[in-house]
Each structure stands twice: as structure tokens, then as C-alpha cells.
Amino acid sequence: NGSSNVSYTSFLLVGFPGLQESRALLVPAILSLYLVILSANALVIHTVVAQRSLHQPMYLLIALLLAVDVGVASTVMPAMMFSFSTHFNHVSLPGCLLQIFCIYFLIVFDCNILLVMALDRYVAICYPLRYPRIMTGRLLAGLLGAAAARSMCIVAPVVALACRVRFCRSDVIHHFACEHMALMKLSCGDISLNKTSPGHAASWSFLLPLTVRILKRVLDILMLGASYSCIIHTAFRISPGRARSKALNTCGSHLLVIFTVYSSTMSSSIVYRVAHATSQDVHNLLSAFYLLLPALANPIIYGARTKEIRQQVATLFQRAR
């Protein structure tokens, strides 16, 4: 309604508005997709946890990465299935902000784990003799704690600023989940860059996430690029043989996962650039793509390309038969 005298405290989630009459038919497809995500990731995680030979930093980081991917999917998909099947689409403002925090914290933590994995591979390949003494369990725990703290420092200010915003344009969120920009579109103020006043909470709630996202992405890509450049340079200095092949294959798997994660997160920015030229259903489909692609692709990449995990998975199936 555009009136700043009203500030909504509950919202109606309208995901895939073009399919309102047949949204219940999407539930089996979403459930099947969710079960595939759970089973594929659980298989690799169970393999790493159950096999003592895989209790090494690289494999433990892979298991943690997959667990975080499952967390992202679980933050979105069960609630979406519930709303589609029961037609109960209402969410309170605190509940919406909590979902935003969980989604973005897990996504940022996912990217930070990739940085820790890059550091682990850098030490393992560039300093192989010193690797066991450098990459200890205590150091790994400290790096993961720093990754979680960095994620909190990036996401918490964004959610804190969103708490100060008043939402008066509408109480309808055109999305299947509480997504930050979808919620900010309902704010009372103008969030466009060319009409921003420093004291405007809505404007800052738009500018801060945009600035942080750009800076974080550039910094992450620079650090990942530097790390893997050193790794590949060192790998090519190794005499041809099994050691070089193993190093390059490991780096290939990690780089493929990095491409998957960062391409999917960048698609979220592209979504809002092209939103005016596409239907809301296409917009929501692209959002689902960026949220769920890592959870679908990463267990396949690591399960198929990592020899040790692939062998242990094959052994588990042989024992089961």
C-alpha cells in the first residue's frame, strides 16, 4: 500500500504464483529431490565417518562441506513442501529473518570451508613432509572456528539492519522462501542506489549486503586463485607419475566444486538483474537452482572423482550385498 504508517509483521509466501492451482502436484517432485540430496550426501558423509583411513583433514572437510549443503537444502525444502501441501503460507517477521540468517550463514560458511580446503591442499602439496606437523587437529578446528566467525560477522549485520526496516509496501513475498532481496522489496523506503540517503535503514539494508557480497567474493576468488596457482605450479614440478596425477586430480575435484558453488551463488545476483524481464516462476526456479545445486552436485563430484571415497563406497555396497 506504500503507507509508512503500517509495518507488517507477518507475510504470505507466494512461490511459483503461476502454479497456484497445482502446487500440491509439485510436492512429490520436491520430496523426491530432497530424498536424493539427503541420500547422496549421507552416503559420502557416512563413508568418511565410518572409515578410519579417511579420518584426514581433506576428507573431514569434504564431509563437513556436504553437511552444510544439506543444511541449506533442509532450511528451504521441508518448509516449501509443507506450505505447498497444506496451503499454509504465512510466516512471521522473526521467523522470516531467522530463515534468512540460516540460509546466508550456511552459504557463506560453505564458501569459507572451500578456503580452508584450499589452504589444506596448499600445505599438503607444497610442503608434503611438514604437512602432518602443520595441519594438526587443533589447527583444523581453529581454522573452522575462524570460518564460522567470519560467516557470522558477514551475515549478522545484514540481518540486524533488516530488523530495523519497516515493511509497508505489501505483506506478500513473491518467493518460496524468505530471501533477503525479496523481503527488502517490501520495505517502506527506496532501496535503489541512486536514491539512497545515509540514514535510511532500508537503503542501508540493500547497500550493505551488496557491498559485502562483492568484497567477499573478490577477496575469496583472489585467495583461492593464489592458493591453487601455487598448488598447480608445484604439481607440475613433480616428476611425472602417480604423485603428480593424484595432486592434479584432487585439485580438479576442488576446482570443480568451487566453480559449482560460486557460479550458483553468482546466479542469485543475476536473478535480480533479469527479474524485470522474466516471470516470477522463472525467477523462483533460478533461486532454487542456486540454493540446491551444490547439494546435488558436490556429493557426485567427490564420490566419483575422489579415488579413496569411491573405493570405500564400493566396499560398503559389496558388504551390503
# chains A, B, ... in the order shown; residues from 1 in each chain; ligands from 1
call {"tool": "select_by_dssp", "arguments": {"residues": "stretch 70-168 of chain A", "states": "helix (DSSP H, G or I)", "output": "PyMOL selection string"}}
result
chain A and resi 70-86+93-126+131-134+137-163
call {"tool": "select_by_dssp", "arguments": {"residues": "stretch 104-298 of chain A", "states": "strand (DSSP E or B)", "output": "list of chain:residue names"}}
result
A:Phe167, A:Val172, A:Ile173, A:Ser187
call {"tool": "write_last_selection", "arguments": {"atoms": "all heavy atoms", "output": "PDB file, in the first residue's frame"}}
result
ATOM      1  N   PHE A 167       8.202  -2.547   6.891  1.00  0.00           N
ATOM      2  CA  PHE A 167       7.701  -3.136   5.652  1.00  0.00           C
ATOM      3  C   PHE A 167       6.248  -2.719   5.457  1.00  0.00           C
ATOM      4  O   PHE A 167       5.355  -3.201   6.168  1.00  0.00           O
ATOM      5  CB  PHE A 167       7.836  -4.662   5.697  1.00  0.00           C
ATOM      6  CG  PHE A 167       9.247  -5.120   5.939  1.00  0.00           C
ATOM      7  CD1 PHE A 167       9.664  -5.469   7.216  1.00  0.00           C
ATOM      8  CD2 PHE A 167      10.153  -5.181   4.900  1.00  0.00           C
ATOM      9  CE1 PHE A 167      10.955  -5.885   7.447  1.00  0.00           C
ATOM     10  CE2 PHE A 167      11.453  -5.597   5.121  1.00  0.00           C
ATOM     11  CZ  PHE A 167      11.860  -5.948   6.400  1.00  0.00           C
ATOM     12  N   VAL A 172       3.047  -9.606   0.966  1.00  0.00           N
ATOM     13  CA  VAL A 172       3.201 -10.769   0.108  1.00  0.00           C
ATOM     14  C   VAL A 172       4.640 -10.836  -0.393  1.00  0.00           C
ATOM     15  O   VAL A 172       5.127  -9.906  -1.039  1.00  0.00           O
ATOM     16  CB  VAL A 172       2.238 -10.723  -1.092  1.00  0.00           C
ATOM     17  CG1 VAL A 172       2.466 -11.920  -2.004  1.00  0.00           C
ATOM     18  CG2 VAL A 172       0.799 -10.691  -0.613  1.00  0.00           C
ATOM     19  N   ILE A 173       5.339 -11.931  -0.063  1.00  0.00           N
ATOM     20  CA  ILE A 173       6.701 -12.173  -0.545  1.00  0.00           C
ATOM     21  C   ILE A 173       6.602 -13.108  -1.749  1.00  0.00           C
ATOM     22  O   ILE A 173       6.149 -14.239  -1.628  1.00  0.00           O
ATOM     23  CB  ILE A 173       7.584 -12.816   0.546  1.00  0.00           C
ATOM     24  CG1 ILE A 173       7.682 -11.882   1.756  1.00  0.00           C
ATOM     25  CG2 ILE A 173       8.970 -13.125   0.003  1.00  0.00           C
ATOM     26  CD1 ILE A 173       8.461 -12.474   2.916  1.00  0.00           C
ATOM     27  N   SER A 187       9.991  -3.072   1.671  1.00  0.00           N
ATOM     28  CA  SER A 187      10.296  -2.028   2.654  1.00  0.00           C
ATOM     29  C   SER A 187       9.665  -0.700   2.256  1.00  0.00           C
ATOM     30  O   SER A 187       9.353  -0.452   1.085  1.00  0.00           O
ATOM     31  CB  SER A 187      11.803  -1.859   2.796  1.00  0.00           C
ATOM     32  OG  SER A 187      12.364  -1.416   1.583  1.00  0.00           O
TER      33      SER A 187
END
call {"tool": "residues_around", "arguments": {"residues": "A:Val36", "least_positions_apart": "6", "cutoff": "10 Å", "atoms": "only C-alpha atoms", "output": "PDB file with N, CA and C atoms, in the first residue's frame"}}
result
ATOM      1  N   ILE A  30       9.392 -32.408  -5.352  1.00  0.00           N
ATOM      2  CA  ILE A  30      10.288 -31.770  -4.388  1.00  0.00           C
ATOM      3  C   ILE A  30      10.752 -32.788  -3.357  1.00  0.00           C
ATOM      4  N   ALA A  42      24.451 -38.162   2.511  1.00  0.00           N
ATOM      5  CA  ALA A  42      24.604 -39.033   3.680  1.00  0.00           C
ATOM      6  C   ALA A  42      25.524 -40.207   3.373  1.00  0.00           C
ATOM      7  N   ALA A 295      24.241 -28.920  -3.233  1.00  0.00           N
ATOM      8  CA  ALA A 295      23.843 -30.142  -2.517  1.00  0.00           C
ATOM      9  C   ALA A 295      23.640 -31.310  -3.458  1.00  0.00           C
ATOM     10  N   LEU A 296      23.314 -31.039  -4.718  1.00  0.00           N
ATOM     11  CA  LEU A 296      23.141 -32.105  -5.704  1.00  0.00           C
ATOM     12  C   LEU A 296      24.458 -32.499  -6.361  1.00  0.00           C
TER      13      LEU A 296
END
call {"tool": "residues_around", "arguments": {"residues": "A:Cys230", "least_positions_apart": "4", "cutoff": "12 Å", "atoms": "only C-alpha atoms", "output": "list in words"}}
result
Ala118, Leu119, Arg121, Tyr122, Val123, Ala124, Ile125, Cys126, Tyr127, Met223, Leu224, Gly225, Ala226, Thr234, Ala235, Phe236, Arg237 and Cys251 of chain A
call {"tool": "closest_residue", "arguments": {"among": "A:Leu106, A:Leu286, A:Ala24, A:Ile62", "to": "A:Ile154", "atoms": "only C-alpha atoms"}}
result
A:Leu106
call {"tool": "atom_distance", "arguments": {"atom1": "atom CA of A:Leu115", "atom2": "atom CA of A:Thr75"}}
result
23.3 Å
call {"tool": "closest_residue", "arguments": {"among": "A:Leu12, A:Ile238, A:Ala182, A:Val6", "to": "A:Ser83", "atoms": "only C-alpha atoms"}}
result
A:Leu12
call {"tool": "closest_atom_pairs", "arguments": {"of": "stretch 79-124 of chain A", "to": "stretch 254-258 of chain A", "cutoff": "9 Å", "atoms": "only C-alpha atoms", "output": "Markdown table"}}
result
| residue | atom | partner | partner_atom | distance |
| --- | --- | --- | --- | --- |
| A:Cys111 | CA | A:Ile258 | CA | 8.1 |
| A:Leu114 | CA | A:Ile258 | CA | 7.1 |
| A:Met117 | CA | A:His254 | CA | 8.2 |
| A:Ala118 | CA | A:His254 | CA | 8.0 |
call {"tool": "write_last_selection", "arguments": {"atoms": "all heavy atoms", "output": "PDB file, in the first residue's frame"}}
result
ATOM      1  N   CYS A 111      31.337 -21.363   1.537  1.00  0.00           N
ATOM      2  CA  CYS A 111      32.449 -20.749   0.807  1.00  0.00           C
ATOM      3  C   CYS A 111      33.705 -20.675   1.665  1.00  0.00           C
ATOM      4  O   CYS A 111      34.822 -20.861   1.162  1.00  0.00           O
ATOM      5  CB  CYS A 111      32.045 -19.350   0.337  1.00  0.00           C
ATOM      6  SG  CYS A 111      30.682 -19.324  -0.855  1.00  0.00           S
ATOM      7  N   LEU A 114      35.586 -23.884   1.700  1.00  0.00           N
ATOM      8  CA  LEU A 114      36.394 -24.042   0.489  1.00  0.00           C
ATOM      9  C   LEU A 114      37.745 -23.351   0.641  1.00  0.00           C
ATOM     10  O   LEU A 114      38.758 -23.839   0.105  1.00  0.00           O
ATOM     11  CB  LEU A 114      35.635 -23.480  -0.716  1.00  0.00           C
ATOM     12  CG  LEU A 114      34.384 -24.251  -1.146  1.00  0.00           C
ATOM     13  CD1 LEU A 114      33.686 -23.536  -2.286  1.00  0.00           C
ATOM     14  CD2 LEU A 114      34.730 -25.676  -1.543  1.00  0.00           C
ATOM     15  N   MET A 117      39.820 -25.632   2.731  1.00  0.00           N
ATOM     16  CA  MET A 117      40.251 -26.771   1.913  1.00  0.00           C
ATOM     17  C   MET A 117      41.404 -26.367   0.999  1.00  0.00           C
ATOM     18  O   MET A 117      42.338 -27.158   0.773  1.00  0.00           O
ATOM     19  CB  MET A 117      39.072 -27.289   1.094  1.00  0.00           C
ATOM     20  CG  MET A 117      37.959 -27.899   1.927  1.00  0.00           C
ATOM     21  SD  MET A 117      36.506 -28.334   0.968  1.00  0.00           S
ATOM     22  CE  MET A 117      37.062 -29.810   0.160  1.00  0.00           C
ATOM     23  N   ALA A 118      41.354 -25.160   0.454  1.00  0.00           N
ATOM     24  CA  ALA A 118      42.439 -24.687  -0.404  1.00  0.00           C
ATOM     25  C   ALA A 118      43.739 -24.574   0.389  1.00  0.00           C
ATOM     26  O   ALA A 118      44.813 -24.958  -0.098  1.00  0.00           O
ATOM     27  CB  ALA A 118      42.072 -23.331  -1.012  1.00  0.00           C
TER      28      ALA A 118
END
call {"tool": "closest_atom_pairs", "arguments": {"of": "stretch 57-80 of chain A", "to": "stretch 301-313 of chain A", "cutoff": "10 Å", "atoms": "only C-alpha atoms", "output": "tab-separated table"}}
result
residue	atom	partner	partner_atom	distance
A:Tyr59	CA	A:Ile309	CA	8.3
A:Ile62	CA	A:Tyr302	CA	7.8
A:Ala63	CA	A:Tyr302	CA	9.7
A:Leu66	CA	A:Tyr302	CA	9.6
call {"tool": "residues_around", "arguments": {"residues": "A:Phe16", "least_positions_apart": "4", "cutoff": "9 Å", "atoms": "only C-alpha atoms", "output": "ChimeraX atom specification"}}
result
/A:20,23,174-176,280-285
call {"tool": "atom_distance", "arguments": {"atom1": "atom CA of A:Leu293", "atom2": "atom CA of A:Ser92"}}
result
27.7 Å
